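As provided, entry_39.cif (mmCIF, C-alpha atoms) reads as follows.
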```
data_target
#
loop_
_atom_site.label_atom_id
_atom_site.label_comp_id
_atom_site.auth_asym_id
_atom_site.auth_seq_id
_atom_site.Cartn_x
_atom_site.Cartn_y
_atom_site.Cartn_z
CA MET G 1 185.17 -69.59 228.16
CA VAL G 2 186.34 -71.05 224.87
CA HIS G 3 184.45 -73.69 222.89
CA VAL G 4 186.65 -76.27 221.16
CA CYS G 5 185.09 -78.72 218.70
CA ARG G 6 186.21 -82.08 217.34
CA LYS G 7 184.40 -83.74 214.43
CA GLU G 8 184.43 -87.51 213.94
CA HIS G 9 182.74 -89.61 211.26
CA PHE G 10 181.11 -93.04 211.25
CA ASN G 11 178.84 -95.11 209.06
CA ALA G 12 176.01 -97.14 210.54
CA ALA G 13 172.72 -98.78 209.67
CA HIS G 14 169.49 -98.70 211.61
CA LYS G 15 165.75 -99.09 211.37
CA LEU G 16 163.11 -97.05 213.11
CA TRP G 17 160.38 -99.47 214.10
CA ASN G 18 158.03 -99.65 217.06
CA PRO G 19 157.07 -103.29 217.69
CA LYS G 20 153.88 -102.16 219.46
CA TRP G 21 152.58 -100.68 216.23
CA SER G 22 151.27 -102.21 213.02
CA GLU G 23 153.41 -102.26 209.90
CA GLU G 24 151.09 -99.64 208.42
CA LYS G 25 151.57 -97.26 211.35
CA ASN G 26 155.35 -97.78 211.41
CA LYS G 27 155.58 -96.95 207.71
CA SER G 28 153.26 -93.98 208.15
CA VAL G 29 155.29 -92.50 211.05
CA PHE G 30 158.83 -93.48 210.05
CA GLY G 31 158.55 -93.62 206.25
CA PRO G 32 161.63 -95.06 204.54
CA CYS G 33 163.39 -95.27 207.93
CA ALA G 34 161.10 -98.24 208.67
CA ASN G 35 162.57 -100.23 205.76
CA GLU G 36 162.54 -103.90 206.79
CA ASN G 37 166.02 -104.32 205.29
CA TRP G 38 167.48 -101.40 207.25
CA HIS G 39 169.10 -98.27 205.83
CA GLY G 40 172.39 -96.50 206.46
CA HIS G 41 173.83 -93.07 207.11
CA ASN G 42 177.18 -91.33 207.01
CA PHE G 43 177.06 -89.77 210.46
CA GLU G 44 179.10 -86.81 211.72
CA LEU G 45 179.60 -86.38 215.46
CA ILE G 46 180.82 -83.02 216.73
CA VAL G 47 181.99 -82.94 220.33
CA THR G 48 182.13 -79.45 221.82
CA ILE G 49 184.25 -78.77 224.91
CA LYS G 50 183.85 -75.62 226.99
CA GLY G 51 186.72 -74.41 229.14
CA ARG G 52 189.57 -72.08 229.85
CA PRO G 53 192.92 -72.46 228.08
CA ASP G 54 195.69 -74.05 230.14
CA GLU G 55 198.42 -71.55 231.06
CA ASP G 56 201.24 -73.89 229.97
CA THR G 57 199.82 -75.21 226.67
CA GLY G 58 197.23 -72.62 225.68
CA PHE G 59 194.85 -75.54 225.03
CA VAL G 60 191.39 -76.08 226.51
CA VAL G 61 191.90 -79.74 225.61
CA ASP G 62 194.56 -81.71 223.76
CA LEU G 63 192.66 -82.49 220.54
CA LYS G 64 194.72 -85.60 219.83
CA GLN G 65 193.76 -87.04 223.22
CA LEU G 66 190.14 -86.02 222.71
CA SER G 67 190.02 -87.67 219.27
CA THR G 68 191.54 -90.88 220.64
CA LEU G 69 188.99 -90.94 223.45
CA ILE G 70 186.02 -90.35 221.13
CA ARG G 71 187.18 -93.02 218.70
CA ARG G 72 187.92 -95.61 221.39
CA GLU G 73 184.76 -95.07 223.43
CA VAL G 74 182.16 -94.29 220.75
CA ILE G 75 183.21 -94.45 217.10
CA ASP G 76 184.82 -97.90 217.22
CA LYS G 77 181.61 -99.23 218.82
CA VAL G 78 179.22 -97.88 216.17
CA ASP G 79 181.21 -97.59 212.92
CA HIS G 80 179.98 -100.01 210.23
CA LYS G 81 177.52 -101.51 212.71
CA ASN G 82 173.78 -102.02 212.83
CA LEU G 83 172.69 -99.71 215.66
CA ASN G 84 169.64 -101.87 216.43
CA MET G 85 171.51 -105.18 216.60
CA ASP G 86 175.25 -104.68 217.13
CA VAL G 87 175.55 -101.87 219.68
CA PRO G 88 174.98 -102.98 223.30
CA PHE G 89 174.26 -99.51 224.66
CA MET G 90 171.39 -99.15 222.16
CA SER G 91 169.81 -102.48 223.07
CA GLY G 92 166.09 -102.10 223.73
CA LYS G 93 166.05 -98.46 222.58
CA MET G 94 164.62 -96.88 219.45
CA ALA G 95 167.67 -96.19 217.27
CA SER G 96 166.80 -92.54 216.67
CA CYS G 97 169.46 -89.83 216.55
CA GLU G 98 167.95 -88.34 219.69
CA ASN G 99 168.47 -91.55 221.67
CA LEU G 100 171.86 -92.18 220.12
CA VAL G 101 173.27 -88.76 221.02
CA MET G 102 172.01 -89.13 224.61
CA GLU G 103 173.81 -92.47 224.91
CA PHE G 104 176.98 -90.91 223.50
CA TRP G 105 176.75 -88.22 226.18
CA LYS G 106 176.49 -90.82 228.97
CA ILE G 107 179.68 -92.44 227.70
CA LEU G 108 181.70 -89.31 226.95
CA GLN G 109 180.74 -86.83 229.66
CA PRO G 110 182.63 -88.34 232.62
CA LEU G 111 185.68 -89.16 230.48
CA VAL G 112 185.86 -85.74 228.85
CA ASP G 113 185.39 -84.00 232.18
CA ASP G 114 188.40 -85.96 233.50
CA LEU G 115 190.45 -84.97 230.45
CA VAL G 116 189.72 -81.23 230.60
CA LYS G 117 191.41 -79.40 233.50
CA ASP G 118 189.20 -76.30 233.63
CA GLY G 119 186.00 -77.15 231.78
CA GLY G 120 184.15 -80.12 230.34
CA LEU G 121 181.76 -81.49 227.78
CA TYR G 122 179.43 -78.73 226.59
CA LYS G 123 177.47 -80.11 223.62
CA LEU G 124 177.20 -83.03 221.22
CA THR G 125 175.96 -82.49 217.67
CA LEU G 126 175.06 -85.56 215.63
CA TYR G 127 174.41 -85.21 211.89
CA GLU G 128 172.41 -88.04 210.36
CA THR G 129 172.30 -86.26 207.01
CA PRO G 130 173.65 -82.89 205.91
CA ARG G 131 170.20 -81.40 206.66
CA ASN G 132 169.11 -83.43 209.70
CA PHE G 133 170.96 -83.19 212.99
CA VAL G 134 170.40 -83.14 216.74
CA GLU G 135 172.17 -81.22 219.48
CA TYR G 136 172.39 -82.35 223.09
CA TYR G 137 173.64 -80.40 226.09
CA GLY G 138 173.12 -83.09 228.73
CA GLU G 139 170.46 -83.11 231.39
#
```

Translate this file's structure into structure tokens.
Amino acid sequence: MVHVCRKEHFNAAHKLWNPKWSEEKNKSVFGPCANENWHGHNFELIVTIKGRPDEDTGFVVDLKQLSTLIRREVIDKVDHKNLNMDVPFMSGKMASCENLVMEFWKILQPLVDDLVKDGGLYKLTLYETPRNFVEYYGE
């Protein structure tokens, strides 16, 4: 099996805040991420496909098609948006990277699996900062 990766970029704002908690507890747990006026990140999303190269093309996946799919289905819906307020699939969820990457998987997995002849979505990596990132392999 070959792993093929595509990196996409987006900018988004969010706030980590649990309405069940006091302001003091939110600030204690979430620190500056609980800023009442939100805060933003320059996110990097890496989509990893696992599969066997096609005999005719030598590709596991056509990267142009994969990029178009990722942009249309995910990036265009989150880029320059407030994740807490502007993104329907995040409604009612804590806007953590962990929850965000799991929602991305739900969107991308069936579409990527249709696109890849002999393989599918293997892993999503979401960088919130250069030092903080999450990886998700699906359920």

Which residues, written as a ChimeraX atom specification, have at least one atom at most 10 Å from Asn82 of chain G, with all atoms listed in the file counted and residues fewer than 5 positions away on the same chain left out?
-> /G:11-15,38-40,87,95

How about saving the chosen residues, C-alpha atoms kept, as a tab-separated table (two decimals), in the frame of the given file?
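Produced file again-v1.tsv, reproduced below:
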```tsv
chain	number	residue	atom	x	y	z
G	11	ASN	CA	178.84	-95.11	209.06
G	12	ALA	CA	176.01	-97.14	210.54
G	13	ALA	CA	172.72	-98.78	209.67
G	14	HIS	CA	169.49	-98.70	211.61
G	15	LYS	CA	165.75	-99.09	211.37
G	38	TRP	CA	167.48	-101.40	207.25
G	39	HIS	CA	169.10	-98.27	205.83
G	40	GLY	CA	172.39	-96.50	206.46
G	87	VAL	CA	175.55	-101.87	219.68
G	95	ALA	CA	167.67	-96.19	217.27
```

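Interatomic distance, atom CA of Leu108 of chain G against atom CA of Leu16 of chain G: 24.4 Å.
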
For Thr129 of chain G, which of G:Val2, G:Asp62, G:Pro19, G:Phe43 is the closest residue, counting only C-alpha atoms?
-> G:Phe43

Enumerate, as a PyMOL selection string, the residues matched when the PyMOL selection byres ((chain G and resi 45-54) around 7) is run on the file above.
-> chain G and resi 1-9+43-44+55-60+118-127

Which residues match the PyMOL selection byres ((chain G and resi 18) around 10) in the file above, as an NGL selection string?
-> :G and (15-17 or 19-23 or 25-26 or 29-30 or 34 or 93-94)

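Take atom CA of Glu135 of chain G and atom CA of Asp113 of chain G: the distance between them is 18.5 Å.
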
Can you sort out segment 55-66 of chain G so it carries all heavy atoms, written as a tab-separated table (two decimals), keeping the file's coordinate frame?
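Now in part_22.tsv:
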```
chain	number	residue	atom	x	y	z
G	55	GLU	N	197.35	-72.56	231.10
G	55	GLU	CA	198.42	-71.55	231.06
G	55	GLU	C	199.68	-72.07	230.36
G	55	GLU	O	200.37	-71.32	229.67
G	55	GLU	CB	198.78	-71.10	232.48
G	55	GLU	CG	197.74	-70.20	233.10
G	55	GLU	CD	198.17	-69.67	234.46
G	55	GLU	OE1	199.39	-69.63	234.74
G	55	GLU	OE2	197.27	-69.30	235.24
G	56	ASP	N	200.01	-73.34	230.53
G	56	ASP	CA	201.24	-73.89	229.97
G	56	ASP	C	201.13	-74.23	228.49
G	56	ASP	O	202.08	-74.05	227.73
G	56	ASP	CB	201.66	-75.14	230.75
G	56	ASP	CG	202.05	-74.82	232.18
G	56	ASP	OD1	202.58	-73.72	232.42
G	56	ASP	OD2	201.82	-75.68	233.05
G	57	THR	N	199.95	-74.76	228.07
G	57	THR	CA	199.82	-75.21	226.67
G	57	THR	C	199.02	-74.25	225.81
G	57	THR	O	199.13	-74.28	224.58
G	57	THR	CB	199.11	-76.58	226.61
G	57	THR	OG1	197.76	-76.42	227.09
G	57	THR	CG2	199.85	-77.63	227.41
G	58	GLY	N	198.15	-73.46	226.44
G	58	GLY	CA	197.23	-72.62	225.68
G	58	GLY	C	196.02	-73.39	225.18
G	58	GLY	O	195.15	-72.83	224.53
G	59	PHE	N	195.95	-74.68	225.49
G	59	PHE	CA	194.85	-75.54	225.03
G	59	PHE	C	193.75	-75.63	226.09
G	59	PHE	O	194.04	-75.72	227.28
G	59	PHE	CB	195.32	-76.98	224.80
G	59	PHE	CG	196.37	-77.18	223.76
G	59	PHE	CD1	197.14	-78.34	223.78
G	59	PHE	CD2	196.58	-76.26	222.75
G	59	PHE	CE1	198.11	-78.56	222.82
G	59	PHE	CE2	197.56	-76.47	221.78
G	59	PHE	CZ	198.32	-77.64	221.82
G	60	VAL	N	192.50	-75.68	225.64
G	60	VAL	CA	191.39	-76.08	226.51
G	60	VAL	C	191.47	-77.59	226.70
G	60	VAL	O	191.27	-78.11	227.79
G	60	VAL	CB	190.03	-75.67	225.92
G	60	VAL	CG1	188.87	-76.29	226.70
G	60	VAL	CG2	189.89	-74.15	225.88
G	61	VAL	N	191.78	-78.28	225.60
G	61	VAL	CA	191.90	-79.74	225.61
G	61	VAL	C	192.90	-80.12	224.53
G	61	VAL	O	192.98	-79.47	223.49
G	61	VAL	CB	190.53	-80.42	225.37
G	61	VAL	CG1	189.96	-80.08	224.01
G	61	VAL	CG2	190.60	-81.93	225.56
G	62	ASP	N	193.66	-81.16	224.77
G	62	ASP	CA	194.56	-81.71	223.76
G	62	ASP	C	193.68	-82.46	222.75
G	62	ASP	O	193.08	-83.49	223.08
G	62	ASP	CB	195.56	-82.66	224.42
G	62	ASP	CG	196.53	-83.29	223.45
G	62	ASP	OD1	196.12	-83.64	222.32
G	62	ASP	OD2	197.70	-83.45	223.83
G	63	LEU	N	193.57	-81.91	221.53
G	63	LEU	CA	192.66	-82.49	220.54
G	63	LEU	C	193.04	-83.90	220.12
G	63	LEU	O	192.17	-84.70	219.77
G	63	LEU	CB	192.54	-81.57	219.33
G	63	LEU	CG	191.70	-80.32	219.59
G	63	LEU	CD1	191.84	-79.33	218.45
G	63	LEU	CD2	190.24	-80.68	219.81
G	64	LYS	N	194.32	-84.23	220.15
G	64	LYS	CA	194.72	-85.60	219.83
G	64	LYS	C	194.18	-86.57	220.88
G	64	LYS	O	193.64	-87.62	220.56
G	64	LYS	CB	196.24	-85.69	219.74
G	64	LYS	CG	196.72	-87.06	219.30
G	64	LYS	CD	198.22	-87.11	219.12
G	64	LYS	CE	198.62	-88.52	218.70
G	64	LYS	NZ	200.06	-88.69	218.67
G	65	GLN	N	194.29	-86.19	222.15
G	65	GLN	CA	193.76	-87.04	223.22
G	65	GLN	C	192.24	-87.14	223.14
G	65	GLN	O	191.67	-88.21	223.34
G	65	GLN	CB	194.17	-86.51	224.58
G	65	GLN	CG	195.63	-86.69	224.91
G	65	GLN	CD	195.98	-86.13	226.28
G	65	GLN	OE1	195.14	-85.63	227.01
G	65	GLN	NE2	197.26	-86.23	226.62
G	66	LEU	N	191.60	-86.01	222.83
G	66	LEU	CA	190.14	-86.02	222.71
G	66	LEU	C	189.70	-86.93	221.57
G	66	LEU	O	188.78	-87.73	221.72
G	66	LEU	CB	189.61	-84.60	222.49
G	66	LEU	CG	188.10	-84.48	222.34
G	66	LEU	CD1	187.36	-84.96	223.58
G	66	LEU	CD2	187.72	-83.04	221.99
```
